[in-house]
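Containing compact mmCIF, C-alpha atoms and all ligand atoms: run_17.txt.
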# COMPACT_ATOMS: atom_id res chain seq x y z
CA MET Y 25 19.22 -35.67 -27.85
CA LYS Y 26 19.08 -32.30 -26.07
CA THR Y 27 15.71 -31.11 -24.78
CA ALA Y 28 14.03 -27.86 -25.84
CA PHE Y 29 15.03 -26.28 -22.51
CA GLU Y 30 18.67 -27.26 -23.01
CA ILE Y 31 18.79 -25.91 -26.57
CA LEU Y 32 17.15 -22.61 -25.59
CA LYS Y 33 19.72 -22.24 -22.82
CA GLN Y 34 22.51 -22.98 -25.30
CA ALA Y 35 21.11 -20.37 -27.72
CA ASN Y 36 20.98 -17.80 -24.93
CA ASP Y 37 24.51 -18.57 -23.68
CA GLU Y 38 26.08 -18.68 -27.15
CA HIS Y 39 24.05 -15.81 -28.68
CA PHE Y 40 22.40 -17.54 -31.58
CA ALA Y 41 18.70 -17.92 -32.43
CA LEU Y 42 16.81 -21.04 -33.35
CA GLY Y 43 14.99 -20.74 -36.63
CA ALA Y 44 11.35 -21.71 -36.14
CA PHE Y 45 10.14 -22.88 -39.52
CA ASN Y 46 6.52 -23.66 -40.33
CA CYS Y 47 5.73 -26.88 -42.02
CA ALA Y 48 2.43 -27.86 -43.60
CA ASN Y 49 3.29 -30.92 -45.65
CA ILE Y 50 5.92 -33.61 -46.02
CA GLU Y 51 7.76 -31.53 -48.62
CA THR Y 52 8.36 -28.54 -46.34
CA LEU Y 53 9.20 -30.92 -43.50
CA LYS Y 54 11.87 -32.56 -45.68
CA ALA Y 55 13.24 -29.19 -46.75
CA ILE Y 56 13.59 -27.97 -43.16
CA THR Y 57 15.14 -31.16 -41.78
CA GLN Y 58 17.56 -31.47 -44.71
CA ALA Y 59 18.69 -27.88 -44.17
CA ALA Y 60 19.19 -28.59 -40.45
CA ALA Y 61 21.19 -31.73 -41.23
CA ASN Y 62 23.33 -30.01 -43.89
CA LEU Y 63 24.31 -27.18 -41.56
CA LYS Y 64 24.36 -29.20 -38.32
CA ALA Y 65 21.88 -26.76 -36.84
CA PRO Y 66 19.23 -27.45 -34.22
CA VAL Y 67 15.87 -26.18 -35.49
CA ILE Y 68 12.32 -25.65 -34.39
CA LEU Y 69 9.81 -27.30 -36.66
CA GLU Y 70 6.41 -25.79 -36.14
CA ALA Y 71 2.83 -25.85 -37.27
CA SER Y 72 -0.04 -23.49 -36.52
CA ASP Y 73 -3.52 -24.71 -35.63
CA GLY Y 74 -4.47 -24.60 -39.32
CA GLU Y 75 -1.33 -26.39 -40.46
CA ILE Y 76 -1.61 -29.00 -37.71
CA ASN Y 77 -5.23 -29.70 -38.51
CA TYR Y 78 -4.08 -30.48 -42.03
CA MET Y 79 -1.06 -32.59 -40.99
CA GLY Y 80 -2.46 -34.24 -37.84
CA TYR Y 81 -1.01 -33.94 -34.31
CA GLU Y 82 0.15 -37.54 -33.94
CA GLN Y 83 1.36 -37.65 -37.54
CA MET Y 84 3.56 -34.60 -36.95
CA VAL Y 85 5.03 -36.07 -33.78
CA SER Y 86 5.82 -39.38 -35.49
CA LEU Y 87 7.33 -37.73 -38.56
CA LYS Y 88 9.43 -35.40 -36.42
CA ARG Y 89 10.80 -38.32 -34.40
CA ILE Y 90 11.65 -40.32 -37.53
CA TYR Y 91 13.45 -37.41 -39.20
CA GLU Y 92 15.24 -36.40 -35.99
CA LYS Y 93 16.58 -39.93 -35.58
CA GLN Y 94 17.62 -40.07 -39.19
CA VAL Y 95 19.51 -36.76 -39.27
CA GLY Y 96 20.83 -36.94 -35.69
CA ILE Y 97 20.13 -33.24 -35.07
CA PRO Y 98 17.74 -31.92 -32.38
CA ILE Y 99 14.41 -30.96 -33.93
CA ILE Y 100 12.03 -29.21 -31.54
CA LEU Y 101 8.39 -29.60 -32.51
CA ASN Y 102 6.35 -26.51 -31.65
CA LEU Y 103 2.67 -25.67 -31.80
CA ASP Y 104 2.75 -22.20 -33.36
CA HIS Y 105 0.06 -19.72 -32.19
CA GLY Y 106 -1.97 -22.28 -30.25
CA LYS Y 107 -5.27 -20.48 -29.80
CA ASP Y 108 -6.39 -21.79 -26.40
CA PHE Y 109 -5.76 -24.25 -23.58
CA ASP Y 110 -7.35 -27.18 -25.43
CA SER Y 111 -5.24 -26.65 -28.50
CA CYS Y 112 -2.04 -26.60 -26.37
CA LYS Y 113 -3.20 -29.60 -24.33
CA ARG Y 114 -3.78 -31.58 -27.50
CA ALA Y 115 -0.25 -30.82 -28.71
CA ILE Y 116 1.38 -31.49 -25.33
CA GLU Y 117 -0.37 -34.84 -24.97
CA ALA Y 118 0.48 -35.82 -28.55
CA GLY Y 119 4.19 -35.36 -27.72
CA PHE Y 120 5.13 -31.86 -28.90
CA ASP Y 121 8.36 -30.48 -27.44
CA TYR Y 122 7.24 -26.83 -27.08
CA VAL Y 123 4.00 -24.88 -27.24
CA HIS Y 124 3.29 -21.26 -28.10
CA LEU Y 125 0.05 -19.95 -26.64
CA ASP Y 126 -1.24 -16.90 -28.46
CA GLY Y 127 -3.41 -14.90 -26.09
CA GLY Y 128 -2.54 -11.69 -27.93
CA LYS Y 129 -6.14 -10.81 -28.65
CA MET Y 130 -7.48 -11.68 -25.20
CA GLU Y 131 -8.02 -9.48 -22.19
CA PHE Y 132 -4.85 -9.36 -20.08
CA GLU Y 133 -6.34 -11.13 -17.05
CA ASP Y 134 -7.91 -13.89 -19.17
CA ASN Y 135 -4.61 -14.37 -20.96
CA VAL Y 136 -2.76 -14.61 -17.62
CA ALA Y 137 -5.22 -17.22 -16.35
CA MET Y 138 -5.04 -19.33 -19.51
CA ALA Y 139 -1.26 -19.09 -19.81
CA THR Y 140 -0.86 -20.13 -16.16
CA GLU Y 141 -2.85 -23.30 -16.84
CA VAL Y 142 -0.88 -24.11 -19.99
CA VAL Y 143 2.43 -23.58 -18.15
CA LYS Y 144 1.34 -25.96 -15.38
CA LEU Y 145 0.48 -28.73 -17.84
CA ALA Y 146 3.50 -28.15 -20.09
CA HIS Y 147 5.96 -28.14 -17.20
CA GLU Y 148 4.50 -31.41 -15.92
CA HIS Y 149 5.53 -32.78 -19.32
CA GLY Y 150 8.95 -31.09 -19.16
CA ILE Y 151 8.39 -28.71 -22.06
CA PRO Y 152 8.62 -24.92 -22.35
CA VAL Y 153 5.79 -22.48 -23.07
CA GLU Y 154 5.97 -19.34 -25.14
CA GLY Y 155 3.41 -16.65 -24.30
CA GLU Y 156 2.20 -13.59 -26.14
CA MET Y 157 0.20 -10.64 -24.83
CA ASP Y 158 0.32 -8.06 -27.64
CA HIS Y 159 -1.23 -9.17 -30.89
CA ILE Y 160 1.52 -9.32 -33.52
CA GLU Y 161 -0.06 -7.72 -36.57
CA GLY Y 162 -0.14 -8.98 -40.16
CA SER Y 163 -0.46 -12.58 -41.38
CA SER Y 164 1.78 -15.17 -43.03
CA ALA Y 165 0.68 -14.09 -46.48
CA ASP Y 166 1.82 -11.99 -49.41
CA HIS Y 167 1.48 -8.33 -48.39
CA THR Y 168 4.04 -7.13 -50.93
CA THR Y 169 1.90 -4.21 -52.10
CA GLU Y 170 1.51 -2.87 -48.55
CA ASP Y 171 3.77 -0.53 -46.61
CA PRO Y 172 4.69 -2.29 -43.34
CA LYS Y 173 4.66 1.07 -41.52
CA ASN Y 174 0.86 1.12 -41.83
CA LEU Y 175 0.70 -1.83 -39.42
CA GLN Y 176 3.56 -0.80 -37.13
CA ASN Y 177 1.47 1.15 -34.65
CA GLU Y 178 3.80 1.90 -31.74
CA LYS Y 179 0.86 2.28 -29.37
CA LEU Y 180 0.30 -1.46 -29.76
CA PHE Y 181 3.94 -2.44 -29.16
CA THR Y 182 4.94 -4.34 -26.02
CA ASP Y 183 5.08 -2.38 -22.80
CA PRO Y 184 8.13 -3.67 -20.86
CA ASP Y 185 6.49 -3.30 -17.43
CA ARG Y 186 3.39 -5.22 -18.49
CA ALA Y 187 5.63 -7.87 -20.06
CA GLU Y 188 7.43 -8.26 -16.73
CA GLU Y 189 4.09 -8.67 -14.94
CA PHE Y 190 2.83 -11.14 -17.53
CA VAL Y 191 5.94 -13.33 -17.25
CA ARG Y 192 6.05 -13.15 -13.43
CA ARG Y 193 2.39 -14.13 -13.02
CA THR Y 194 2.26 -16.87 -15.66
CA GLY Y 195 5.71 -18.47 -15.40
CA ILE Y 196 6.11 -18.67 -19.18
CA ASP Y 197 9.59 -19.54 -20.40
CA VAL Y 198 9.69 -17.61 -23.67
CA PHE Y 199 8.11 -14.23 -24.37
CA ALA Y 200 6.97 -13.18 -27.85
CA SER Y 201 7.37 -9.42 -28.06
CA PHE Y 202 5.83 -6.99 -30.53
CA ILE Y 203 8.51 -4.46 -31.47
CA GLY Y 204 7.63 -3.71 -35.09
CA ASN Y 205 7.85 -7.30 -36.25
CA LEU Y 206 4.85 -8.17 -38.42
CA HIS Y 207 3.67 -11.46 -39.84
CA GLY Y 208 4.12 -11.57 -43.61
CA LEU Y 209 6.21 -10.07 -46.41
CA TYR Y 210 5.69 -6.38 -47.30
CA ALA Y 211 6.69 -3.84 -49.96
CA ASP Y 212 9.67 -2.81 -47.81
CA GLN Y 213 11.92 -4.61 -45.38
CA LYS Y 214 10.57 -4.42 -41.86
CA HIS Y 215 12.57 -2.64 -39.18
CA LEU Y 216 12.49 -3.39 -35.47
CA LYS Y 217 12.41 -0.98 -32.56
CA MET Y 218 15.72 -1.98 -31.03
CA ASP Y 219 15.64 0.39 -28.04
CA LEU Y 220 12.33 -1.18 -27.02
CA LEU Y 221 13.81 -4.66 -27.27
CA THR Y 222 16.67 -3.52 -25.02
CA LYS Y 223 14.15 -2.27 -22.42
CA ILE Y 224 12.16 -5.52 -22.57
CA LYS Y 225 15.32 -7.56 -22.02
CA GLU Y 226 16.29 -5.36 -19.06
CA LYS Y 227 12.91 -6.12 -17.48
CA LEU Y 228 13.14 -9.81 -18.36
CA PRO Y 229 16.79 -10.79 -17.85
CA ASN Y 230 15.94 -14.44 -17.16
CA THR Y 231 13.28 -14.95 -19.85
CA TRP Y 232 14.01 -16.12 -23.36
CA LEU Y 233 12.68 -13.82 -26.09
CA SER Y 234 11.24 -14.78 -29.46
CA LEU Y 235 10.74 -12.81 -32.64
CA HIS Y 236 7.75 -13.58 -34.85
CA GLY Y 237 7.50 -12.31 -38.41
CA GLY Y 238 11.10 -13.11 -39.38
CA SER Y 239 10.24 -13.08 -43.10
CA GLY Y 240 11.30 -9.90 -44.86
CA THR Y 241 12.87 -8.30 -41.79
CA ASP Y 242 16.03 -6.25 -42.23
CA SER Y 243 18.96 -8.66 -41.76
CA ASN Y 244 20.99 -6.23 -39.66
CA ASP Y 245 18.03 -5.75 -37.35
CA VAL Y 246 17.66 -9.52 -36.99
CA VAL Y 247 21.36 -9.98 -36.18
CA ASN Y 248 21.27 -7.12 -33.67
CA ALA Y 249 18.07 -8.48 -32.09
CA ILE Y 250 19.84 -11.82 -31.57
CA LYS Y 251 22.72 -9.97 -29.88
CA LEU Y 252 20.16 -8.32 -27.58
CA GLY Y 253 18.67 -11.64 -26.51
CA ILE Y 254 16.31 -13.03 -29.17
CA VAL Y 255 16.73 -16.84 -29.15
CA LYS Y 256 13.97 -17.87 -31.59
CA VAL Y 257 13.01 -16.33 -34.93
CA ASN Y 258 9.85 -17.49 -36.70
CA VAL Y 259 9.82 -17.78 -40.47
CA ASN Y 260 6.79 -18.83 -42.48
CA SER Y 261 5.84 -16.49 -45.36
CA GLU Y 262 9.19 -16.75 -47.16
CA LEU Y 263 8.93 -20.54 -47.12
CA ARG Y 264 5.34 -20.47 -48.37
CA ILE Y 265 6.26 -18.15 -51.22
CA ALA Y 266 9.35 -20.17 -52.16
CA PHE Y 267 7.28 -23.34 -52.24
CA LYS Y 268 4.36 -21.94 -54.20
CA MET Y 269 6.33 -19.94 -56.78
CA THR Y 270 8.68 -22.83 -57.52
CA LEU Y 271 5.84 -25.30 -57.76
CA GLN Y 272 4.03 -22.97 -60.13
CA GLU Y 273 7.12 -22.69 -62.34
CA VAL Y 274 7.55 -26.45 -62.45
CA LEU Y 275 3.89 -27.03 -63.31
CA ASN Y 276 3.95 -24.37 -66.02
CA ALA Y 277 7.14 -25.72 -67.57
CA SER Y 278 6.37 -29.41 -67.93
CA ASP Y 279 3.71 -32.06 -68.35
CA GLU Y 280 5.26 -34.23 -65.63
CA ILE Y 281 2.67 -36.08 -63.57
CA ALA Y 282 4.90 -38.04 -61.15
CA VAL Y 283 4.36 -36.08 -57.93
CA TYR Y 284 7.77 -36.93 -56.46
CA LYS Y 285 9.48 -35.48 -59.53
CA ILE Y 286 7.34 -32.35 -59.45
CA MET Y 287 8.18 -31.77 -55.78
CA ASP Y 288 11.95 -32.01 -56.11
CA LYS Y 289 12.51 -28.34 -57.04
CA PRO Y 290 10.08 -26.80 -54.52
CA ILE Y 291 11.77 -28.81 -51.73
CA LYS Y 292 15.22 -27.64 -52.79
CA GLU Y 293 14.08 -24.02 -52.97
CA VAL Y 294 12.50 -24.08 -49.50
CA GLN Y 295 15.66 -25.78 -48.19
CA ARG Y 296 17.77 -22.99 -49.72
CA VAL Y 297 15.69 -20.34 -47.91
CA VAL Y 298 15.89 -22.24 -44.61
CA GLU Y 299 19.67 -22.61 -44.92
CA GLY Y 300 20.02 -18.86 -45.51
CA LYS Y 301 18.07 -18.17 -42.32
CA ILE Y 302 20.05 -20.70 -40.28
CA LYS Y 303 23.28 -18.96 -41.33
CA LEU Y 304 21.84 -15.51 -40.59
CA PHE Y 305 20.68 -16.62 -37.13
CA GLY Y 306 24.15 -18.00 -36.28
CA THR Y 307 22.86 -21.54 -35.74
CA ALA Y 308 25.04 -23.41 -38.24
CA GLY Y 309 27.28 -25.95 -36.50
CA LYS Y 310 25.52 -25.55 -33.13
CA ALA Y 311 24.38 -29.19 -33.14
CA ALA Y 312 27.85 -30.48 -34.04
ZN ZN R 1 3.82 -15.79 -35.33

Using the file provided, produce a representation of the structure as structure tokens.
Amino acid sequence: MKTAFEILKQANDEHFALGAFNCANIETLKAITQAAANLKAPVILEASDGEINYMGYEQMVSLKRIYEKQVGIPIILNLDHGKDFDSCKRAIEAGFDYVHLDGGKMEFEDNVAMATEVVKLAHEHGIPVEGEMDHIEGSSADHTTEDPKNLQNEKLFTDPDRAEEFVRRTGIDVFASFIGNLHGLYADQKHLKMDLLTKIKEKLPNTWLSLHGGSGTDSNDVVNAIKLGIVKVNVNSELRIAFKMTLQEVLNASDEIAVYKIMDKPIKEVQRVVEGKIKLFGTAGKAA
């Protein structure tokens, strides 16, 4: 099976983006892996600190390996928004394939120091590190009554020169930029600042770029961002909403108590959302 480095290189060379889908239970894990298998698409399966504390580090690694073997498609397991060195170390030593260190709220120099340490450890284990230096606003929740523009403060967007310095000093492999992408779903579709993404890519020609906050982002902007060099798009809120709304409908509509029967529809609905994203990101068939 290809490594995370090899798949990121493939995505960069062939201009597609890996969907990075959050998983917090066996149902969402099944939905994501079934979508990947159906469309022969490599995927990133990820869990945040909160999600991983619920699932368990070793449990996630074991489940990922079992499903990957079963479907025969590369599944990269990522720690999403690891909050510090210890959190990343825990994931790396448990057998994760990729870690994202979120130093977006730290002082620049502290972030550089911490990211440098994480890179050293991760590279010893042969896995890539994604770094972040500008806090990406919002949260993976339902913000559908809010105007996204209220959180898209351009003063907080990524400065390309600082991004270049951050990457050069830390040695991170993937850079998470803040270009108008917000975590969560809003009243309107989110738009990205494409000219800023172009400038970031010019400063970082040899660094892979990721896009957080893929839920509820204008599809044309996502496709154009992938053309400009985005190789990973994170999606969480849309999956959470699909799971919860469908589960609620099922529970309201029947007296069924067999959990596996109740979960059938929510799994299928999450899978449908994941498949839509895989097609949008151009990843279908890339594991064939
Ligand atoms: Zn994120």

Kindly provide the residues of chain Y that approach ligand ZN 1 (chain R) to within 7 Å, each paired with its closest atom pair and their distance in Å to one decimal, based on all atoms listed in the file, listed by chain and increasing number, as CSV.
residue,atom,partner,partner_atom,distance
Y:Asp104,CA,R:ZN1,ZN,6.8
Y:His105,CA,R:ZN1,ZN,6.3
Y:His207,CA,R:ZN1,ZN,6.3
Y:His236,CA,R:ZN1,ZN,4.5
Y:Gly237,CA,R:ZN1,ZN,5.9
Y:Asn258,CA,R:ZN1,ZN,6.4

As JSON, please report the centre and edge lengths, rounded to one decimal in Å, of the axis-aligned box that holds all listed atoms of region 185-195 of chain Y with 8 Å of padding on each of the six sides.
{"center_x": 4.8, "center_y": -10.9, "center_z": -16.5, "size_x": 21.2, "size_y": 31.2, "size_z": 23.0}

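Each of Y:Thr169, Y:Lys256, Y:Gly128, Y:Glu141 was compared to Met157 (chain Y) using only C-alpha atoms, and Y:Gly128 turns out to be the nearest.
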
Spatial neighbours of Ala137 (chain Y), max dist 12 Å, all atoms listed in the file, sep filter under 5 positions, as a ChimeraX atom specification | /Y:108-109,125,127,130-132,142-144,155,190-191,193-196

C-alpha atoms of the current selection, written as a JSON list (two decimals), in the coordinates of the input:
[["chain", "number", "residue", "atom", "x", "y", "z"],
["Y", 108, "ASP", "CA", -6.39, -21.79, -26.40],
["Y", 109, "PHE", "CA", -5.76, -24.25, -23.58],
["Y", 125, "LEU", "CA", 0.05, -19.95, -26.64],
["Y", 127, "GLY", "CA", -3.41, -14.90, -26.09],
["Y", 130, "MET", "CA", -7.48, -11.68, -25.20],
["Y", 131, "GLU", "CA", -8.02, -9.48, -22.19],
["Y", 132, "PHE", "CA", -4.85, -9.36, -20.08],
["Y", 142, "VAL", "CA", -0.88, -24.11, -19.99],
["Y", 143, "VAL", "CA", 2.43, -23.58, -18.15],
["Y", 144, "LYS", "CA", 1.34, -25.96, -15.38],
["Y", 155, "GLY", "CA", 3.41, -16.65, -24.30],
["Y", 190, "PHE", "CA", 2.83, -11.14, -17.53],
["Y", 191, "VAL", "CA", 5.94, -13.33, -17.25],
["Y", 193, "ARG", "CA", 2.39, -14.13, -13.02],
["Y", 194, "THR", "CA", 2.26, -16.87, -15.66],
["Y", 195, "GLY", "CA", 5.71, -18.47, -15.40],
["Y", 196, "ILE", "CA", 6.11, -18.67, -19.18]]

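Closest approach to Lys285 (chain Y) from the set Y:Ile302, Y:Leu101, Y:Ala35, Y:Leu271 is made by Y:Leu271, with distances taken over all atoms listed in the file.
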
Residue list as a compact mmCIF listing (two decimals) with C-alpha atoms, in the coordinates of the input for point (10.4, 0.1, -51.3), cut-off 12 Å, all atoms listed in the file:
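The resulting file, point04.txt, is reproduced below:
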# COMPACT_ATOMS: atom_id res chain seq x y z
CA THR Y 168 4.04 -7.13 -50.93
CA THR Y 169 1.90 -4.21 -52.10
CA GLU Y 170 1.51 -2.87 -48.55
CA ASP Y 171 3.77 -0.53 -46.61
CA PRO Y 172 4.69 -2.29 -43.34
CA LYS Y 173 4.66 1.07 -41.52
CA TYR Y 210 5.69 -6.38 -47.30
CA ALA Y 211 6.69 -3.84 -49.96
CA ASP Y 212 9.67 -2.81 -47.81
CA GLN Y 213 11.92 -4.61 -45.38
CA LYS Y 214 10.57 -4.42 -41.86
CA GLY Y 240 11.30 -9.90 -44.86

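Of note, CA of Asn77 (chain Y) and CA of Glu117 (chain Y) are spaced 15.3 Å apart.
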
Selected residue of minimal separation from Val198 (chain Y) among Y:Tyr81, Y:Phe305, Y:Tyr122, Y:Phe181, counting all atoms listed in the file = Y:Tyr122

Check the smallest atom-to-atom distance from each of Y:Ala139, Y:Ile160, Y:Ile224, Y:Val294 to Asn260 (chain Y) using only C-alpha atoms, then report the winner.
-> Y:Val294

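Counting only C-alpha atoms and comparing Y:Asn174, Y:Ser243, Y:Ser72, Y:Ser163, the residue that lies closest to His124 (chain Y) is Y:Ser72.
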
Judged by only C-alpha atoms, the minimum distance to Ala65 (chain Y) among Y:Met287, Y:Leu53, Y:Ile100, Y:Cys47 is found for Y:Ile100

Find the residues near Asp73 (chain Y): any atom within 10 Å, counting only C-alpha atoms, skip ones fewer than 6 places away on the same chain, and give them as an NGL selection string.
-> :Y and (79-81 or 103-107 or 111-112 or 115)

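With CA of Gly204 (chain Y) on one side and CA of Asn36 (chain Y) on the other, the separation reads 21.9 Å.
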
Who sits within 7 Å of Ile68 (chain Y), all atoms listed in the file, same chain under 5 positions skipped, as a PyMOL selection string | chain Y and resi 42-45+99-102

Student task, region 207-220 of chain Y output with N, CA and C atoms as a short mmCIF file (atom, residue, chain, number, x, y, z; two decimals), in the first residue's frame:
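Full text of selection.cif as output:
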data_model
loop_
_atom_site.label_atom_id
_atom_site.label_comp_id
_atom_site.auth_asym_id
_atom_site.auth_seq_id
_atom_site.Cartn_x
_atom_site.Cartn_y
_atom_site.Cartn_z
N HIS Y 207 -14.14 26.79 9.70
CA HIS Y 207 -14.72 25.53 10.16
C HIS Y 207 -16.22 25.71 10.32
N GLY Y 208 -17.00 24.78 9.82
CA GLY Y 208 -18.44 24.81 10.06
C GLY Y 208 -19.25 25.19 8.83
N LEU Y 209 -20.57 25.01 8.96
CA LEU Y 209 -21.53 25.35 7.90
C LEU Y 209 -22.22 26.65 8.29
N TYR Y 210 -22.40 27.56 7.32
CA TYR Y 210 -22.94 28.90 7.59
C TYR Y 210 -24.19 29.18 6.76
N ALA Y 211 -24.77 30.36 6.95
CA ALA Y 211 -25.99 30.73 6.23
C ALA Y 211 -25.74 30.78 4.72
N ASP Y 212 -24.52 31.20 4.34
CA ASP Y 212 -24.16 31.25 2.92
C ASP Y 212 -22.97 30.34 2.66
N GLN Y 213 -22.80 30.00 1.39
CA GLN Y 213 -21.60 29.28 0.98
C GLN Y 213 -20.38 30.15 1.28
N LYS Y 214 -19.31 29.51 1.68
CA LYS Y 214 -18.09 30.27 1.95
C LYS Y 214 -17.30 30.44 0.65
N HIS Y 215 -16.68 31.59 0.51
CA HIS Y 215 -15.80 31.83 -0.64
C HIS Y 215 -14.37 31.99 -0.17
N LEU Y 216 -13.44 31.58 -1.03
CA LEU Y 216 -12.02 31.62 -0.69
C LEU Y 216 -11.34 32.77 -1.42
N LYS Y 217 -10.26 33.26 -0.81
CA LYS Y 217 -9.50 34.34 -1.44
C LYS Y 217 -8.45 33.70 -2.35
N MET Y 218 -8.82 33.54 -3.62
CA MET Y 218 -8.00 32.75 -4.53
C MET Y 218 -6.67 33.43 -4.85
N ASP Y 219 -6.67 34.78 -4.94
CA ASP Y 219 -5.39 35.44 -5.26
C ASP Y 219 -4.38 35.25 -4.13
N LEU Y 220 -4.89 35.16 -2.90
CA LEU Y 220 -3.99 34.91 -1.77
C LEU Y 220 -3.43 33.49 -1.84
#
